[in-house]
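One file, protein-v3.json, is given below (JSON, C-alpha atoms).
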```
[["chain", "number", "residue", "atom", "x", "y", "z"],
["A", 1, "MET", "CA", 46.40, 73.03, -244.90],
["A", 2, "LEU", "CA", 47.49, 76.06, -246.93],
["A", 3, "ARG", "CA", 48.76, 77.78, -243.79],
["A", 4, "LEU", "CA", 50.96, 74.84, -242.86],
["A", 5, "ASP", "CA", 52.42, 74.00, -246.25],
["A", 6, "PRO", "CA", 54.27, 76.75, -248.16],
["A", 7, "GLU", "CA", 54.72, 74.50, -251.21],
["A", 8, "LEU", "CA", 50.96, 73.95, -251.36],
["A", 9, "ARG", "CA", 50.45, 77.74, -251.19],
["A", 10, "LYS", "CA", 52.84, 78.13, -254.14],
["A", 11, "ALA", "CA", 50.83, 75.57, -256.10],
["A", 12, "ALA", "CA", 47.51, 77.25, -255.20],
["A", 13, "TYR", "CA", 48.62, 80.82, -255.89],
["A", 14, "PRO", "CA", 48.30, 80.78, -259.73],
["A", 15, "LEU", "CA", 44.85, 79.23, -259.41],
["A", 16, "ALA", "CA", 43.80, 81.81, -256.79],
["A", 17, "LYS", "CA", 45.19, 84.64, -258.91],
["A", 18, "GLN", "CA", 42.89, 83.60, -261.76],
["A", 19, "GLY", "CA", 39.93, 82.86, -259.47],
["A", 20, "THR", "CA", 39.74, 79.32, -260.83],
["A", 21, "VAL", "CA", 36.64, 77.22, -260.16],
["A", 22, "VAL", "CA", 37.06, 73.42, -260.26],
["A", 23, "ALA", "CA", 34.09, 71.06, -260.43],
["A", 24, "LEU", "CA", 34.62, 67.63, -258.86],
["A", 25, "ARG", "CA", 32.06, 65.18, -260.23],
["A", 26, "LEU", "CA", 32.49, 62.09, -258.09],
["A", 27, "TYR", "CA", 30.97, 58.64, -258.58],
["A", 28, "LEU", "CA", 30.23, 56.18, -255.79],
["A", 29, "PRO", "CA", 28.65, 58.11, -254.15],
["A", 30, "HIS", "CA", 27.47, 60.51, -256.82],
["A", 31, "VAL", "CA", 28.44, 63.96, -255.56],
["A", 32, "GLU", "CA", 29.32, 67.22, -257.23],
["A", 33, "ILE", "CA", 31.59, 69.63, -255.35],
["A", 34, "PHE", "CA", 32.88, 72.99, -256.52],
["A", 35, "ALA", "CA", 36.26, 74.27, -255.34],
["A", 36, "THR", "CA", 36.75, 78.02, -255.77],
["A", 37, "PHE", "CA", 40.34, 79.24, -255.43],
["A", 38, "SER", "CA", 40.82, 82.73, -254.04],
["A", 39, "THR", "CA", 43.49, 84.65, -252.15],
["A", 40, "LYS", "CA", 41.61, 83.84, -248.93],
["A", 41, "GLY", "CA", 41.82, 80.09, -249.50],
["A", 42, "VAL", "CA", 39.89, 77.34, -251.25],
["A", 43, "LEU", "CA", 36.12, 77.39, -250.80],
["A", 44, "LEU", "CA", 34.36, 74.04, -251.17],
["A", 45, "ASP", "CA", 30.68, 74.35, -252.06],
["A", 46, "ALA", "CA", 27.83, 72.20, -253.34],
["A", 47, "GLN", "CA", 26.80, 74.83, -255.90],
["A", 48, "LEU", "CA", 28.58, 76.73, -258.64],
["A", 49, "PRO", "CA", 29.33, 80.32, -257.59],
["A", 50, "ILE", "CA", 26.60, 82.72, -258.70],
["A", 51, "ASP", "CA", 28.93, 84.82, -260.87],
["A", 52, "ARG", "CA", 29.95, 81.77, -262.97],
["A", 53, "SER", "CA", 28.04, 80.00, -265.72],
["A", 54, "GLU", "CA", 30.45, 77.04, -265.79],
["A", 55, "PRO", "CA", 33.60, 75.89, -263.98],
["A", 56, "ASP", "CA", 37.10, 76.39, -265.42],
["A", 57, "VAL", "CA", 38.15, 72.77, -264.86],
["A", 58, "ILE", "CA", 35.94, 69.68, -264.53],
["A", 59, "ILE", "CA", 37.23, 66.50, -262.90],
["A", 60, "ASN", "CA", 35.25, 63.30, -263.43],
["A", 61, "ALA", "CA", 36.42, 60.45, -261.22],
["A", 62, "TYR", "CA", 35.47, 57.80, -258.70],
["A", 63, "SER", "CA", 35.78, 58.92, -255.10],
["A", 64, "ILE", "CA", 38.53, 56.37, -254.48],
["A", 65, "GLN", "CA", 40.58, 57.85, -257.36],
["A", 66, "ILE", "CA", 40.39, 61.33, -255.81],
["A", 67, "ILE", "CA", 41.34, 59.94, -252.39],
["A", 68, "ASN", "CA", 44.34, 58.12, -253.92],
["A", 69, "ALA", "CA", 45.43, 61.27, -255.76],
["A", 70, "ILE", "CA", 45.17, 63.37, -252.58],
["A", 71, "THR", "CA", 46.89, 60.90, -250.26],
["A", 72, "THR", "CA", 49.86, 60.30, -252.56],
["A", 73, "HIS", "CA", 52.21, 62.58, -254.46],
["A", 74, "ASP", "CA", 52.12, 60.18, -257.40],
["A", 75, "SER", "CA", 51.90, 61.91, -260.77],
["A", 76, "GLU", "CA", 50.65, 58.71, -262.41],
["A", 77, "THR", "CA", 47.60, 58.63, -260.13],
["A", 78, "THR", "CA", 46.89, 62.29, -260.82],
["A", 79, "GLU", "CA", 47.30, 61.82, -264.59],
["A", 80, "LYS", "CA", 44.64, 59.07, -264.53],
["A", 81, "LEU", "CA", 42.02, 61.58, -263.38],
["A", 82, "GLN", "CA", 39.79, 62.71, -266.24],
["A", 83, "MET", "CA", 40.08, 66.52, -266.40],
["A", 84, "ARG", "CA", 38.59, 68.92, -268.89],
["A", 85, "GLY", "CA", 39.31, 72.60, -269.31],
["A", 86, "GLU", "CA", 42.00, 74.92, -270.58],
["A", 87, "SER", "CA", 45.30, 73.02, -270.68],
["A", 88, "VAL", "CA", 47.20, 75.57, -268.57],
["A", 89, "GLN", "CA", 44.59, 75.51, -265.81],
["A", 90, "VAL", "CA", 44.37, 71.71, -265.95],
["A", 91, "GLN", "CA", 48.15, 71.51, -265.43],
["A", 92, "LEU", "CA", 47.94, 73.95, -262.49],
["A", 93, "VAL", "CA", 45.16, 71.86, -260.91],
["A", 94, "LYS", "CA", 47.24, 68.68, -261.39],
["A", 95, "GLN", "CA", 50.22, 70.34, -259.69],
["A", 96, "PHE", "CA", 47.98, 71.44, -256.83],
["A", 97, "ILE", "CA", 46.55, 67.91, -256.38],
["A", 98, "MET", "CA", 50.03, 66.36, -256.44],
["A", 99, "GLN", "CA", 51.21, 68.82, -253.79],
["A", 100, "LEU", "CA", 48.04, 68.32, -251.73],
["A", 101, "GLY", "CA", 49.11, 64.90, -250.44],
["A", 102, "LEU", "CA", 48.47, 64.25, -246.76],
["A", 103, "GLY", "CA", 52.14, 63.41, -246.28],
["A", 104, "SER", "CA", 53.07, 67.05, -246.85],
["A", 105, "LEU", "CA", 50.46, 68.13, -244.29],
["A", 106, "ILE", "CA", 51.95, 65.80, -241.67],
["A", 107, "GLN", "CA", 55.47, 67.05, -242.47],
["A", 108, "GLY", "CA", 54.27, 70.64, -242.18],
["A", 109, "LEU", "CA", 52.70, 69.95, -238.79],
["A", 110, "ILE", "CA", 55.86, 68.27, -237.52],
["A", 111, "LYS", "CA", 58.01, 71.19, -238.67],
["A", 112, "LYS", "CA", 55.63, 73.71, -237.17],
["A", 113, "PHE", "CA", 55.41, 72.13, -233.74],
["A", 114, "LYS", "CA", 58.74, 70.38, -233.39],
["A", 115, "GLY", "CA", 61.47, 70.52, -235.99],
["A", 116, "GLY", "CA", 61.62, 74.01, -237.45],
["A", 117, "LYS", "CA", 63.61, 76.68, -235.65],
["A", 118, "SER", "CA", 62.28, 80.18, -235.79],
["A", 119, "LYS", "CA", 64.51, 83.23, -236.02],
["A", 120, "GLN", "CA", 63.97, 83.86, -232.32],
["A", 121, "ASP", "CA", 65.33, 80.40, -231.41],
["A", 122, "LEU", "CA", 68.73, 81.02, -233.02],
["A", 123, "THR", "CA", 71.61, 81.33, -230.58],
["A", 124, "GLU", "CA", 74.08, 84.20, -230.53],
["A", 125, "ALA", "CA", 76.74, 81.98, -232.15],
["A", 126, "GLU", "CA", 74.41, 80.95, -234.97],
["A", 127, "MET", "CA", 73.44, 84.57, -235.55],
["A", 128, "ALA", "CA", 77.13, 85.57, -235.64],
["A", 129, "ASP", "CA", 77.88, 82.75, -238.11],
["A", 130, "LYS", "CA", 75.02, 83.84, -240.36],
["A", 131, "LYS", "CA", 76.15, 87.45, -240.17],
["A", 132, "ASN", "CA", 79.73, 86.46, -241.07],
["A", 133, "SER", "CA", 78.58, 84.33, -244.00],
["A", 134, "TYR", "CA", 76.42, 87.20, -245.28],
["A", 135, "GLN", "CA", 79.35, 89.61, -244.96],
["A", 136, "LEU", "CA", 81.60, 87.20, -246.89],
["A", 137, "ARG", "CA", 78.99, 86.91, -249.62],
["A", 138, "ILE", "CA", 78.68, 90.69, -249.79],
["A", 139, "LYS", "CA", 82.48, 91.06, -250.08],
["A", 140, "GLU", "CA", 82.62, 88.44, -252.85],
["A", 141, "GLN", "CA", 79.83, 90.14, -254.74],
["A", 142, "GLN", "CA", 81.48, 93.55, -254.28],
["A", 143, "THR", "CA", 84.72, 92.12, -255.69],
["A", 144, "GLN", "CA", 82.82, 90.72, -258.67],
["A", 145, "ILE", "CA", 81.12, 94.08, -259.22],
["A", 146, "ASN", "CA", 84.47, 95.90, -259.09],
["A", 147, "THR", "CA", 86.02, 93.43, -261.56],
["A", 148, "LEU", "CA", 83.10, 93.79, -263.96],
["A", 149, "THR", "CA", 83.23, 97.59, -263.66],
["A", 150, "MET", "CA", 86.94, 97.57, -264.56],
["A", 151, "LYS", "CA", 86.31, 95.30, -267.55],
["A", 152, "ASN", "CA", 83.47, 97.55, -268.65],
["A", 153, "ARG", "CA", 85.76, 100.61, -268.53],
["A", 154, "GLU", "CA", 88.43, 98.75, -270.49],
["A", 155, "LEU", "CA", 85.87, 97.86, -273.16],
["A", 156, "GLU", "CA", 84.64, 101.47, -273.29],
["A", 157, "THR", "CA", 88.24, 102.67, -273.78],
["A", 158, "THR", "CA", 88.82, 100.09, -276.52],
["A", 159, "LEU", "CA", 85.60, 101.16, -278.24],
["A", 160, "LYS", "CA", 86.59, 104.86, -278.14],
["A", 161, "GLU", "CA", 90.04, 104.03, -279.54],
["A", 162, "SER", "CA", 88.44, 102.02, -282.36],
["A", 163, "GLN", "CA", 86.04, 104.86, -283.16],
["A", 164, "SER", "CA", 88.95, 107.35, -283.21],
["A", 165, "LYS", "CA", 90.97, 105.10, -285.55],
["A", 166, "GLN", "CA", 87.92, 104.71, -287.78],
["A", 167, "LYS", "CA", 87.46, 108.51, -288.02],
["A", 168, "THR", "CA", 91.16, 108.94, -288.86],
["A", 169, "LEU", "CA", 90.93, 106.23, -291.53],
["A", 170, "ILE", "CA", 87.84, 107.88, -293.08],
["A", 171, "ILE", "CA", 89.56, 111.28, -293.16],
["A", 172, "VAL", "CA", 92.73, 109.83, -294.72],
["A", 173, "THR", "CA", 90.62, 107.92, -297.28],
["A", 174, "VAL", "CA", 88.60, 111.04, -298.24],
["A", 175, "VAL", "CA", 91.78, 113.16, -298.57],
["A", 176, "SER", "CA", 93.45, 110.43, -300.67],
["A", 177, "ILE", "CA", 90.42, 110.16, -302.97],
["A", 178, "ILE", "CA", 90.31, 113.96, -303.41],
["A", 179, "GLY", "CA", 94.06, 113.96, -304.13],
["A", 180, "MET", "CA", 93.67, 111.18, -306.73],
["A", 181, "ILE", "CA", 90.75, 112.99, -308.38],
["A", 182, "GLY", "CA", 92.85, 116.19, -308.45],
["A", 183, "ALA", "CA", 95.80, 114.29, -309.96],
["A", 184, "ILE", "CA", 93.56, 112.70, -312.61],
["A", 185, "ILE", "CA", 92.06, 116.09, -313.51],
["A", 186, "ALA", "CA", 95.59, 117.64, -313.70],
["A", 187, "LEU", "CA", 96.74, 114.84, -316.04],
["A", 188, "LEU", "CA", 93.68, 115.23, -318.25],
["A", 189, "MET", "CA", 94.21, 118.99, -318.54],
["A", 190, "ASN", "CA", 97.82, 118.60, -319.70]]
```
Mind turning the file's structure into structure tokens?
Amino acid sequence: MLRLDPELRKAAYPLAKQGTVVALRLYLPHVEIFATFSTKGVLLDAQLPIDRSEPDVIINAYSIQIINAITTHDSETTEKLQMRGESVQVQLVKQFIMQLGLGSLIQGLIKKFKGGKSKQDLTEAEMADKKNSYQLRIKEQQTQINTLTMKNRELETTLKESQSKQKTLIIVTVVSIIGMIGAIIALLMN
């Protein structure tokens, strides 16, 4: 399923990155299944992996609740599942379950075998259109870059002018203060 559904892979990736282990404790029939997420896929097992003392997320539910959550993309159904664990991982597992719906698998199969065009199936005209649209985008972005570069240079020039005026003002102020002090001293001496 992960190979056929890119959205499902996106939902599984954060769990696989952390090596998350999910325990499914099902009632009617009473079964405990462990799902270990890894970069190679999702391993379903009847026992907790040897390197773990406890799972990251525990789901307690009736089998029918799990089936409903998997067959639909309904967030309400997924929220009704009793999950325990770290809140971030619980949210990631909920997102994965919501994306896991069988409808997305069927859509993925249809796209893979029928609807989706691969790059090799594109005609010369379609390739030319894509190339032209990319070239237009590149030209627009280049124009934006040039405009921003010009504005940046204008701002740099304005900043240098302001700094120059500030230096001139400081020099004039210091000379004026020295002149006033000299005038005050000359008046006091007379």
Exercise. Tell me, as a VMD selection string, which residues lie within 7 Å of Glu32 of chain A, counting only C-alpha atoms; anything in the same chain fewer than 4 positions away does not count.
Key: chain A and resid 23 to 26 46
Quiz item: Can you tell me, as a list in words, what residues are no more than 7 Å from Tyr62 of chain A when counting all atoms listed in the file, ignoring any on the same chain fewer than 2 positions away?
Solution: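 Residues near the query, excluding close chain neighbours: Leu26, Tyr27, Leu28, Ile64, Gln65 and Ile66 of chain A.
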Self-check item: Option closest in space to Gln95 of chain A, from A:Ala125, A:Ala11, A:Ile70, A:Ile178 [counting all atoms listed in the file]
Solution: A:Ala11
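Nearest to Gln99 of chain A of all the residues A:Leu8, A:Ile50, A:Leu187, A:Leu2 is A:Leu8, counting only C-alpha atoms.
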Exercise. May I ask for the distance between atom CA of Lys10 of chain A and atom CA of Val42 of chain A, given in Å to one decimal place?
Key: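 Distance reported for this atom pair: 13.3 Å.
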Practice problem: Tell me which of A:Ile59, A:Leu100, A:Leu169, A:Met127 sits closest to Leu81 of chain A, counting all atoms listed in the file. | Solution: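 Ranking A:Ile59, A:Leu100, A:Leu169, A:Met127 by distance to Leu81 of chain A, first place goes to A:Ile59.
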Quiz prompt | Residue nearest Glu7 of chain A among A:Met98, A:Val22, A:Thr158, A:Arg137 (counting only C-alpha atoms) | solution =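 With only C-alpha atoms as the atom set, the closest residue is A:Met98.
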Practice problem: Counting all atoms listed in the file, write as a PyMOL selection string all protein and nucleic acid residues lying at most 12 Å from (52.3, 61.7, -258.5) in the file's frame. | Solution: chain A and resi 68-81+94-101
Go ahead and save the picked residues with C-alpha atoms, as a PDB file, in the coordinates of the input.
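Below is the file selection_20.pdb, written as the result:
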```pdb
ATOM      1  CA  ASN A  68      44.340  58.120-253.920  1.00  0.00           C
ATOM      2  CA  ALA A  69      45.430  61.270-255.760  1.00  0.00           C
ATOM      3  CA  ILE A  70      45.170  63.370-252.580  1.00  0.00           C
ATOM      4  CA  THR A  71      46.890  60.900-250.260  1.00  0.00           C
ATOM      5  CA  THR A  72      49.860  60.300-252.560  1.00  0.00           C
ATOM      6  CA  HIS A  73      52.210  62.580-254.460  1.00  0.00           C
ATOM      7  CA  ASP A  74      52.120  60.180-257.400  1.00  0.00           C
ATOM      8  CA  SER A  75      51.900  61.910-260.770  1.00  0.00           C
ATOM      9  CA  GLU A  76      50.650  58.710-262.410  1.00  0.00           C
ATOM     10  CA  THR A  77      47.600  58.630-260.130  1.00  0.00           C
ATOM     11  CA  THR A  78      46.890  62.290-260.820  1.00  0.00           C
ATOM     12  CA  GLU A  79      47.300  61.820-264.590  1.00  0.00           C
ATOM     13  CA  LYS A  80      44.640  59.070-264.530  1.00  0.00           C
ATOM     14  CA  LEU A  81      42.020  61.580-263.380  1.00  0.00           C
ATOM     15  CA  LYS A  94      47.240  68.680-261.390  1.00  0.00           C
ATOM     16  CA  GLN A  95      50.220  70.340-259.690  1.00  0.00           C
ATOM     17  CA  PHE A  96      47.980  71.440-256.830  1.00  0.00           C
ATOM     18  CA  ILE A  97      46.550  67.910-256.380  1.00  0.00           C
ATOM     19  CA  MET A  98      50.030  66.360-256.440  1.00  0.00           C
ATOM     20  CA  GLN A  99      51.210  68.820-253.790  1.00  0.00           C
ATOM     21  CA  LEU A 100      48.040  68.320-251.730  1.00  0.00           C
ATOM     22  CA  GLY A 101      49.110  64.900-250.440  1.00  0.00           C
TER      23      GLY A 101
END
```
Practice problem: Could you check how far atom CA of Thr39 of chain A sits from atom CA of Ala12 of chain A, in Å to one decimal? | Solution: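 If I compute the distance from atom CA of Thr39 of chain A to atom CA of Ala12 of chain A, I get 9.0 Å.
With atom CA of Gly19 of chain A on one side and atom CA of Asp56 of chain A on the other, the separation reads 9.2 Å.
Proximity ranking of A:Arg153, A:Gly41, A:Asp51, A:Gln89 relative to Gln18 of chain A places A:Gln89 first, based on all atoms listed in the file.
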Quiz prompt | Pick from A:Leu4, A:Met150, A:Met189, A:Val93 nearest to Phe37 of chain A, counting all atoms listed in the file | solution =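 Nearest candidate to Phe37 of chain A out of A:Leu4, A:Met150, A:Met189, A:Val93: A:Val93.
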